[in-house]
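With mmCIF, C-alpha atoms inside, this is query.cif:
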```cif
data_entry
#
loop_
_atom_site.label_atom_id
_atom_site.label_comp_id
_atom_site.auth_asym_id
_atom_site.auth_seq_id
_atom_site.Cartn_x
_atom_site.Cartn_y
_atom_site.Cartn_z
CA MET A 1 80.15 200.47 105.52
CA THR A 2 79.95 203.93 107.05
CA ILE A 3 76.40 204.84 107.98
CA SER A 4 75.50 208.32 106.82
CA ARG A 5 73.71 210.76 109.07
CA ARG A 6 70.60 210.59 106.94
CA SER A 7 70.77 206.83 106.29
CA PHE A 8 67.98 206.09 108.71
CA THR A 9 67.47 202.44 109.57
CA ALA A 10 63.80 203.14 110.25
CA GLY A 11 61.48 200.23 110.99
CA LEU A 12 60.12 199.92 114.47
CA ALA A 13 61.56 196.43 114.79
CA ALA A 14 64.93 198.08 115.13
CA LEU A 15 63.82 199.61 118.39
CA GLY A 16 64.10 196.27 120.14
CA ALA A 17 67.88 196.04 119.82
CA ALA A 18 69.93 196.54 122.98
CA PRO A 19 73.13 198.58 122.57
CA LEU A 20 75.99 198.68 125.03
CA MET A 21 75.35 200.75 128.12
CA HIS A 22 77.38 203.85 128.71
CA PRO A 23 79.26 203.61 132.02
CA GLY A 24 77.57 206.14 134.26
CA ALA A 25 78.27 204.83 137.73
CA ALA A 26 80.82 207.47 138.69
CA ARG A 27 79.16 210.59 137.32
CA ALA A 28 79.77 214.07 138.66
CA ALA A 29 77.09 215.95 140.58
CA ARG A 30 74.10 216.30 138.29
CA THR A 31 74.01 220.07 138.73
CA ASP A 32 77.43 220.16 137.01
CA GLU A 33 76.80 217.65 134.23
CA LEU A 34 75.04 217.61 130.89
CA ASN A 35 74.90 214.66 128.47
CA ILE A 36 73.44 215.17 125.00
CA LEU A 37 72.52 212.43 122.50
CA CYS A 38 72.24 214.04 119.09
CA TRP A 39 72.82 214.19 115.38
CA GLU A 40 76.18 215.75 114.49
CA GLY A 41 76.38 219.49 114.88
CA TYR A 42 75.44 219.86 118.51
CA ASN A 43 78.58 217.92 119.44
CA THR A 44 81.03 220.38 117.85
CA ASP A 45 83.35 222.70 119.76
CA ASP A 46 81.69 225.67 118.07
CA VAL A 47 78.50 224.78 119.96
CA LEU A 48 79.72 223.12 123.15
CA GLY A 49 82.71 225.41 123.75
CA PRO A 50 80.71 228.61 124.39
CA PHE A 51 78.27 226.69 126.62
CA ARG A 52 81.16 225.29 128.67
CA ASP A 53 82.49 228.85 129.02
CA LEU A 54 79.14 229.88 130.46
CA ASN A 55 79.22 226.94 132.89
CA PRO A 56 82.80 226.65 134.19
CA GLY A 57 83.43 223.41 136.01
CA ALA A 58 80.51 221.62 134.36
CA THR A 59 81.10 218.39 132.46
CA VAL A 60 79.34 218.81 129.14
CA ARG A 61 79.53 216.06 126.55
CA ALA A 62 77.58 215.18 123.41
CA GLU A 63 77.53 211.91 121.50
CA SER A 64 76.47 211.76 117.86
CA GLY A 65 74.14 208.97 116.79
CA THR A 66 73.94 207.05 113.51
CA SER A 67 70.18 206.62 113.31
CA ASP A 68 67.05 207.72 115.14
CA PRO A 69 66.11 204.15 116.19
CA ASP A 70 69.64 203.54 117.52
CA MET A 71 69.39 206.60 119.76
CA ILE A 72 65.93 205.59 120.93
CA ASN A 73 67.30 202.12 121.68
CA LYS A 74 69.78 203.65 124.10
CA LEU A 75 66.97 205.18 126.16
CA ARG A 76 64.87 202.03 126.03
CA ALA A 77 67.84 199.95 127.19
CA GLY A 78 68.25 202.01 130.34
CA GLU A 79 70.30 205.00 129.28
CA VAL A 80 67.44 207.29 130.24
CA ASN A 81 69.56 207.52 133.40
CA VAL A 82 72.54 208.82 131.39
CA TRP A 83 71.21 211.35 128.88
CA ASP A 84 69.63 214.74 129.52
CA LEU A 85 68.74 215.84 125.97
CA ILE A 86 67.98 213.88 122.82
CA ASN A 87 67.94 215.32 119.29
CA LEU A 88 65.96 213.30 116.71
CA ASN A 89 63.96 213.72 113.53
CA GLN A 90 60.36 214.82 113.81
CA PRO A 91 58.22 211.64 114.00
CA TRP A 92 59.76 210.11 117.10
CA ALA A 93 59.09 212.55 119.95
CA ARG A 94 55.32 212.43 119.53
CA GLY A 95 55.06 208.91 118.15
CA GLN A 96 57.48 207.00 120.39
CA LEU A 97 59.40 208.87 123.06
CA TYR A 98 56.67 210.79 124.87
CA PRO A 99 54.06 207.98 124.94
CA SER A 100 56.78 205.68 126.34
CA GLY A 101 57.72 208.13 129.07
CA LEU A 102 61.25 208.55 127.73
CA ILE A 103 61.02 212.34 127.36
CA LYS A 104 59.17 214.94 129.40
CA PRO A 105 57.46 218.25 128.66
CA LEU A 106 59.29 221.53 128.32
CA ASP A 107 58.40 224.65 130.28
CA LYS A 108 56.00 226.45 127.94
CA GLU A 109 56.49 229.80 129.64
CA ARG A 110 60.22 229.57 128.96
CA PHE A 111 60.20 228.14 125.43
CA MET A 112 56.99 229.15 123.65
CA PRO A 113 58.22 232.73 123.00
CA PHE A 114 60.95 231.35 120.71
CA PHE A 115 58.32 230.17 118.22
CA GLU A 116 57.26 233.78 117.64
CA LYS A 117 60.48 234.48 115.71
CA MET A 118 60.74 231.21 113.77
CA THR A 119 60.23 230.80 110.04
CA PRO A 120 56.59 230.48 108.92
CA GLU A 121 56.85 226.69 108.60
CA TYR A 122 57.72 226.36 112.30
CA GLY A 123 56.38 229.42 114.04
CA SER A 124 53.09 230.42 112.42
CA PRO A 125 51.46 228.52 114.05
CA PRO A 126 53.97 226.74 116.31
CA TYR A 127 55.17 223.50 114.72
CA PRO A 128 52.48 220.86 115.47
CA LEU A 129 54.93 217.95 115.83
CA ALA A 130 56.67 219.80 118.67
CA PHE A 131 53.59 219.10 120.78
CA ALA A 132 52.14 215.90 122.21
CA GLU A 133 48.50 215.00 121.65
CA ASP A 134 47.79 216.20 125.19
CA GLY A 135 49.09 219.67 124.25
CA GLU A 136 52.41 219.50 126.08
CA LEU A 137 55.46 221.01 124.39
CA ILE A 138 57.86 218.09 123.92
CA GLY A 139 60.60 219.36 121.61
CA MET A 140 62.13 222.42 119.99
CA PRO A 141 62.70 222.44 116.21
CA GLN A 142 65.94 223.73 114.72
CA ARG A 143 67.57 222.25 111.60
CA TYR A 144 65.37 221.20 108.69
CA GLY A 145 65.38 220.80 104.94
CA PRO A 146 63.66 219.30 101.89
CA PHE A 147 65.16 216.00 100.78
CA SER A 148 64.27 214.55 97.39
CA PHE A 149 66.90 214.49 94.61
CA VAL A 150 69.76 216.55 93.15
CA VAL A 151 70.59 217.60 89.59
CA ASN A 152 73.26 219.46 87.67
CA THR A 153 71.21 222.35 86.30
CA ASP A 154 73.70 222.78 83.43
CA LYS A 155 72.37 219.44 82.16
CA ILE A 156 68.82 219.31 83.54
CA SER A 157 67.06 222.60 84.27
CA ARG A 158 65.44 223.22 87.61
CA ALA A 159 62.09 223.78 85.87
CA THR A 160 62.31 220.47 84.01
CA ALA A 161 63.37 218.56 87.12
CA GLU A 162 60.59 220.01 89.26
CA GLU A 163 57.95 219.42 86.58
CA GLN A 164 58.97 215.81 85.89
CA GLY A 165 59.64 215.10 89.55
CA TRP A 166 60.40 211.48 90.36
CA LYS A 167 59.37 210.38 86.85
CA LEU A 168 62.67 211.87 85.68
CA PHE A 169 64.36 208.67 86.83
CA LEU A 170 62.00 206.47 84.82
CA ASP A 171 62.71 208.31 81.57
CA PRO A 172 64.63 205.91 79.26
CA ALA A 173 66.77 208.87 78.17
CA MET A 174 68.10 209.11 81.75
CA ALA A 175 69.47 205.55 81.81
CA GLY A 176 73.15 205.65 82.74
CA ARG A 177 72.98 209.35 83.58
CA TYR A 178 72.22 209.24 87.31
CA GLY A 179 73.58 207.83 90.52
CA ILE A 180 71.85 206.53 93.63
CA LEU A 181 72.86 207.91 97.02
CA THR A 182 72.26 204.78 99.08
CA TYR A 183 70.53 206.23 102.09
CA ASP A 184 68.38 203.13 102.08
CA ASN A 185 65.41 204.25 104.14
CA TRP A 186 65.14 207.44 102.13
CA ASN A 187 65.40 205.38 98.94
CA LEU A 188 62.38 203.37 100.10
CA ILE A 189 60.43 206.58 100.59
CA HIS A 190 61.50 208.04 97.27
CA MET A 191 60.87 204.87 95.27
CA CYS A 192 57.36 204.77 96.71
CA LEU A 193 56.82 208.36 95.59
CA THR A 194 58.18 207.48 92.14
CA ALA A 195 55.58 204.71 91.99
CA ASP A 196 52.82 207.17 93.05
CA LEU A 197 52.57 205.52 96.46
CA ASN A 198 52.40 206.95 99.98
CA PRO A 199 55.26 205.27 101.91
CA PHE A 200 53.81 206.32 105.25
CA LYS A 201 50.61 204.29 104.79
CA PRO A 202 50.32 200.49 104.47
CA LEU A 203 50.39 199.27 100.87
CA ASP A 204 48.16 196.69 99.20
CA ASP A 205 49.32 194.00 96.77
CA ALA A 206 49.11 196.39 93.83
CA GLY A 207 51.26 198.86 95.75
CA PHE A 208 53.97 196.29 96.43
CA GLU A 209 53.91 195.29 92.77
CA ALA A 210 54.31 198.91 91.69
CA PHE A 211 57.19 199.41 94.14
CA THR A 212 58.91 196.25 92.88
CA ASP A 213 58.71 197.47 89.30
CA VAL A 214 60.03 200.94 90.11
CA ALA A 215 62.87 199.67 92.31
CA ALA A 216 64.04 197.34 89.53
CA LYS A 217 63.93 200.12 86.93
CA ILE A 218 65.76 202.68 89.06
CA PHE A 219 68.57 200.32 90.01
CA ALA A 220 68.86 199.08 86.41
CA GLY A 221 69.20 202.62 85.06
CA SER A 222 71.74 203.89 87.58
CA LYS A 223 75.36 204.41 86.63
CA LEU A 224 76.80 204.31 90.15
CA MET A 225 75.81 203.87 93.78
CA SER A 226 77.43 205.26 96.92
CA ASP A 227 76.53 206.29 100.45
CA ASP A 228 79.10 209.11 100.23
CA LEU A 229 77.53 212.48 99.41
CA VAL A 230 80.94 213.95 98.51
CA ALA A 231 81.52 211.20 95.95
CA MET A 232 78.05 211.76 94.51
CA ASN A 233 78.56 215.52 94.23
CA THR A 234 81.96 214.93 92.63
CA ALA A 235 80.38 212.67 90.00
CA LEU A 236 77.87 215.43 89.25
CA ILE A 237 80.58 218.07 89.02
CA ASN A 238 82.86 216.09 86.71
CA GLY A 239 80.02 215.15 84.37
CA GLU A 240 79.97 211.44 85.18
CA ILE A 241 76.28 211.77 86.06
CA ASP A 242 73.65 214.48 85.60
CA ALA A 243 71.52 213.75 88.68
CA TYR A 244 71.36 211.58 91.76
CA PHE A 245 68.40 209.84 93.33
CA THR A 246 67.95 210.89 97.00
CA GLY A 247 69.46 214.12 98.14
CA GLY A 248 68.60 217.70 98.91
CA THR A 249 69.83 220.87 100.55
CA TYR A 250 71.78 218.79 103.07
CA THR A 251 73.81 216.98 100.39
CA ALA A 252 74.03 219.69 97.72
CA SER A 253 75.04 222.52 100.07
CA PRO A 254 78.80 221.76 100.34
CA ALA A 255 79.25 221.97 96.57
CA ARG A 256 77.06 225.06 96.36
CA LEU A 257 79.07 226.84 99.07
CA ASP A 258 82.18 226.16 96.98
CA GLY A 259 80.55 228.14 94.19
CA LEU A 260 79.12 225.22 92.22
CA THR A 261 75.55 226.49 92.31
CA ASN A 262 74.62 224.34 89.31
CA ILE A 263 74.41 221.52 91.86
CA ARG A 264 70.88 221.91 93.16
CA GLY A 265 68.48 220.03 95.41
CA ILE A 266 65.12 219.57 93.68
CA THR A 267 61.67 219.30 95.23
CA PRO A 268 59.04 217.94 92.80
CA ALA A 269 56.27 220.40 92.03
CA SER A 270 53.65 217.70 92.58
CA GLY A 271 53.29 214.13 93.77
CA PRO A 272 51.06 211.40 95.19
CA ILE A 273 50.58 212.57 98.81
CA ASP A 274 47.87 215.23 98.78
CA GLY A 275 49.42 216.52 95.56
CA LYS A 276 52.91 216.74 97.06
CA GLY A 277 56.02 214.85 95.98
CA GLY A 278 58.73 216.17 98.28
CA VAL A 279 59.66 215.22 101.83
CA VAL A 280 61.08 217.55 104.47
CA TRP A 281 62.97 216.42 107.57
CA ALA A 282 63.17 218.46 110.77
CA GLU A 283 64.92 217.82 114.04
CA LEU A 284 63.41 218.19 117.49
CA THR A 285 65.47 218.41 120.68
CA SER A 286 63.72 217.07 123.77
CA LEU A 287 64.31 216.71 127.51
CA VAL A 288 65.06 213.11 128.46
CA ASN A 289 62.98 211.92 131.40
CA ASN A 290 66.11 211.31 133.47
CA PRO A 291 65.13 210.46 137.08
CA ASP A 292 68.06 212.60 138.23
CA PRO A 293 67.63 215.59 135.91
CA SER A 294 70.27 218.20 135.17
CA PRO A 295 69.14 221.84 135.21
CA LEU A 296 71.71 222.44 132.45
CA ALA A 297 69.49 220.60 129.95
CA SER A 298 66.90 223.37 129.66
CA ASP A 299 69.68 225.96 129.83
CA PHE A 300 71.36 224.36 126.80
CA LEU A 301 68.11 224.17 124.86
CA GLU A 302 67.65 227.89 125.42
CA PHE A 303 71.33 228.54 124.64
CA VAL A 304 71.06 227.03 121.14
CA GLN A 305 68.34 229.55 120.26
CA GLN A 306 70.96 232.35 120.31
CA PRO A 307 71.86 233.79 116.88
CA GLU A 308 75.54 232.81 116.80
CA ILE A 309 74.82 229.32 118.07
CA CYS A 310 71.97 228.82 115.58
CA LYS A 311 74.53 229.50 112.84
CA ALA A 312 77.08 227.14 114.40
CA VAL A 313 74.48 224.36 114.50
CA GLY A 314 73.27 225.01 110.96
CA PHE A 315 76.76 225.09 109.47
CA ALA A 316 78.35 222.16 111.29
CA GLU A 317 80.26 219.14 110.01
CA GLY A 318 80.64 220.15 106.37
CA THR A 319 76.95 220.07 105.46
CA TYR A 320 74.79 223.14 105.68
CA ASN A 321 71.17 223.46 106.67
CA PRO A 322 68.62 226.15 107.42
CA VAL A 323 67.32 226.47 110.96
CA ALA A 324 63.82 227.33 112.11
CA GLN A 325 65.16 230.31 114.05
CA MET A 326 66.04 232.14 110.80
CA GLY A 327 62.71 233.92 111.03
CA ASP A 328 64.45 236.12 113.61
CA PRO A 329 66.31 238.99 111.84
CA GLU A 330 69.22 238.68 114.28
CA VAL A 331 69.61 235.01 113.42
CA PHE A 332 69.14 235.59 109.70
CA ALA A 333 71.89 238.23 109.75
CA GLN A 334 74.43 235.52 110.65
CA TRP A 335 74.28 234.15 107.08
CA ASP A 336 75.96 235.94 104.19
CA GLU A 337 74.68 235.94 100.61
CA ASP A 338 76.75 232.94 99.50
CA GLU A 339 75.72 230.91 102.54
CA LEU A 340 72.04 231.65 101.91
CA ASP A 341 72.49 230.56 98.31
CA ALA A 342 74.19 227.36 99.47
CA ILE A 343 71.06 226.35 101.41
CA GLN A 344 68.74 227.50 98.59
CA TRP A 345 67.08 230.00 100.89
CA ASP A 346 65.32 231.80 98.06
CA THR A 347 63.15 228.76 97.29
CA LEU A 348 63.07 227.10 100.71
CA GLU A 349 59.59 228.20 101.69
CA GLU A 350 58.21 227.08 98.32
CA GLU A 351 59.99 223.73 98.50
CA SER A 352 58.79 223.13 102.05
CA ALA A 353 55.22 223.89 100.95
CA ASN A 354 55.58 221.21 98.23
CA SER A 355 56.76 218.63 100.77
CA VAL A 356 55.18 216.37 103.35
CA GLU A 357 56.70 215.67 106.75
CA TYR A 358 59.19 212.83 106.99
CA ASP A 359 57.67 209.87 108.84
CA SER A 360 58.40 206.21 109.47
CA VAL A 361 57.87 203.85 106.52
CA ALA A 362 54.74 201.80 107.18
CA ASP A 363 55.80 198.58 105.41
CA TYR A 364 59.51 199.01 106.09
CA ASP A 365 60.51 195.34 106.43
CA LYS A 366 58.73 194.10 103.30
CA LEU A 367 59.79 197.08 101.20
CA MET A 368 63.40 196.69 102.33
CA GLU A 369 63.30 193.04 101.29
CA ILE A 370 62.08 194.01 97.80
CA TYR A 371 64.57 196.89 97.63
CA THR A 372 67.51 194.70 98.64
CA ALA A 373 66.64 192.10 96.01
CA ALA A 374 66.38 194.81 93.33
CA ARG A 375 69.72 196.28 94.37
CA ARG A 376 71.41 192.90 94.11
CA GLY A 377 69.78 192.21 90.80
#
```

Let me see the file written as structure tokens.
Amino acid sequence: MTISRRSFTAGLAALGAAPLMHPGAARAARTDELNILCWEGYNTDDVLGPFRDLNPGATVRAESGTSDPDMINKLRAGEVNVWDLINLNQPWARGQLYPSGLIKPLDKERFMPFFEKMTPEYGSPPYPLAFAEDGELIGMPQRYGPFSFVVNTDKISRATAEEQGWKLFLDPAMAGRYGILTYDNWNLIHMCLTADLNPFKPLDDAGFEAFTDVAAKIFAGSKLMSDDLVAMNTALINGEIDAYFTGGTYTASPARLDGLTNIRGITPASGPIDGKGGVVWAELTSLVNNPDPSPLASDFLEFVQQPEICKAVGFAEGTYNPVAQMGDPEVFAQWDEDELDAIQWDTLEEESANSVEYDSVADYDKLMEIYTAARRG
């Protein structure tokens, strides 16, 4: 089964696996080499091509990962000697990579000024998760987005969906009217929220019981399941379903850019975590603590702050996302009206305010066991 970009196999146990090493014995001179481990987008010609043009003769390559833990595994297994930059979702730099010595601080004098032109969520004040507990700057934010669920607003209004939030999927009238996008780790998070639980804190017996009940109900009421966001959007468009469980700007944006703006990512207006029911992911790009560092790493991290490159990163690979740099008028001007509508820019600040930060699931293994049994059943 193809693993989606957002199908995180979270769970810290996964960090013990040892992937194959990349052959790095015959590398070019490090001053002429840059290796980037990233989510898709930074590995496209639209991003790498202009950087190669600025650095003729340099070998610049980027490899796209399938999960945050898988990419961390590569560094833990020795590939800290291979990679120069790593691009992951927000919990890992501060929680895993920096304490383990796998990434190193950025030059604050060089990079702090970029925060001054970021969107309010990331620049005012500078994004806290970009900093280690000791105050060092350990990553630069770029792509982000709320990620909860998606509806066809011709069938379920935005107001109704936001008001009902996750309880929408427990309504008996919704049985057979929704699909499940099987990004399993996100499903764990969202089923916890549906059960009024905080997935990022350990659960007690009552919590596990509530999760078990909700998981069974959501799977029982679903009409279809797929890990393919295109298939899920198609089912929404053709009327096969009216909503899908797990999704957001990232998954709805391709349909919206095609003019189908009735396909909309929804962030619940309220929920169980300090009154919030949505979750927002954000990526941080960090300097790998390579013992033979490439000076091109910091150059590239500065390069992707440029307006045209921000747009190339945000609109890569057929899914479209806002970037933190859109607080800069020059960056914002790269998006036209339809593209802004595709990423739901008009409500993005509000939706982010109604969301908590994505984090690792505290009881991942036990919840996945319950979830898997409910899915089979």

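Considering the residues A:Leu296, A:Ala316, A:Ala216, A:Ala175 and counting all atoms listed in the file, A:Tyr371 has its shortest atom-to-atom contact with A:Ala216.
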
Taking the file as I've supplied it (selection: the PyMOL selection byres ((chain A and resi 292) around 10)), which residues are included? Please answer as a VMD selection string.
chain A and resid 29 to 31 80 to 84 289 to 291 293 to 295

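One distance worth recording is that between atom CA of A:Met225 and atom CA of A:Arg177, which is 11.9 Å.
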
Got a sec: who's within 12 Å of A:Ile218, counting all atoms listed in the file, leaving out chain neighbours fewer than 6 positions off, as a PyMOL selection string?
chain A and resi 166-172+174-181+187-188+190-192+194-195+211-212+224-225+244-246+371+374-375+377

Pick from A:Gln325, A:Thr372, A:Ser100, A:Asn89: nearest to A:Pro126, with only C-alpha atoms counted?
A:Gln325

Could you tell me which residues the PyMOL selection byres ((chain A and resi 354-369) around 9) returns for this structure, as a PyMOL selection string?
chain A and resi 10-13+89-92+146-147+184-185+188-189+199-203+208+211-212+267-271+273-282+349-353+370-374

Dump as a ChimeraX atom specification all residues having an atom at most 12 Å from (58.0, 227.8, 123.1), computed in the file's coordinates with only C-alpha atoms.
/A:105-118,122-123,125-128,130-131,136-141,298,301-302,305,325

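The closest residue to A:Pro50, picked from A:Tyr320, A:Trp335, A:Phe315, A:Phe300 and counting only C-alpha atoms, is A:Phe300.
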
Matched chain/residue IDs from the PyMOL selection byres ((chain A and resi 310) around 12), as a ChimeraX atom specification
/A:41-42,46-47,118,141-143,301-309,311-316,320-328,330-335

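In this model, the gap between atom CA of A:Ile86 and atom CA of A:Asn55 comes to 20.0 Å.
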
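Between atom CA of A:Ala161 and atom CA of A:Tyr183 there is a distance of 20.7 Å.
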
Residue with smallest distance to A:Ala252 - pool A:Ser157, A:Thr59, A:Ser148, A:Thr44, counting all atoms listed in the file:
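Counting all atoms listed in the file, the residue closest to A:Ala252 is A:Ser148.
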
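Using all atoms listed in the file for every distance, the candidate list A:Ile72, A:Leu37, A:Val151, A:Ala297 yields A:Ala297 as the residue closest to A:Phe51.
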
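Compared by their closest atoms to A:Gln344, and using all atoms listed in the file, the residues A:Gly145, A:Met71, A:Asn152, A:Ala215 rank with A:Gly145 nearest.
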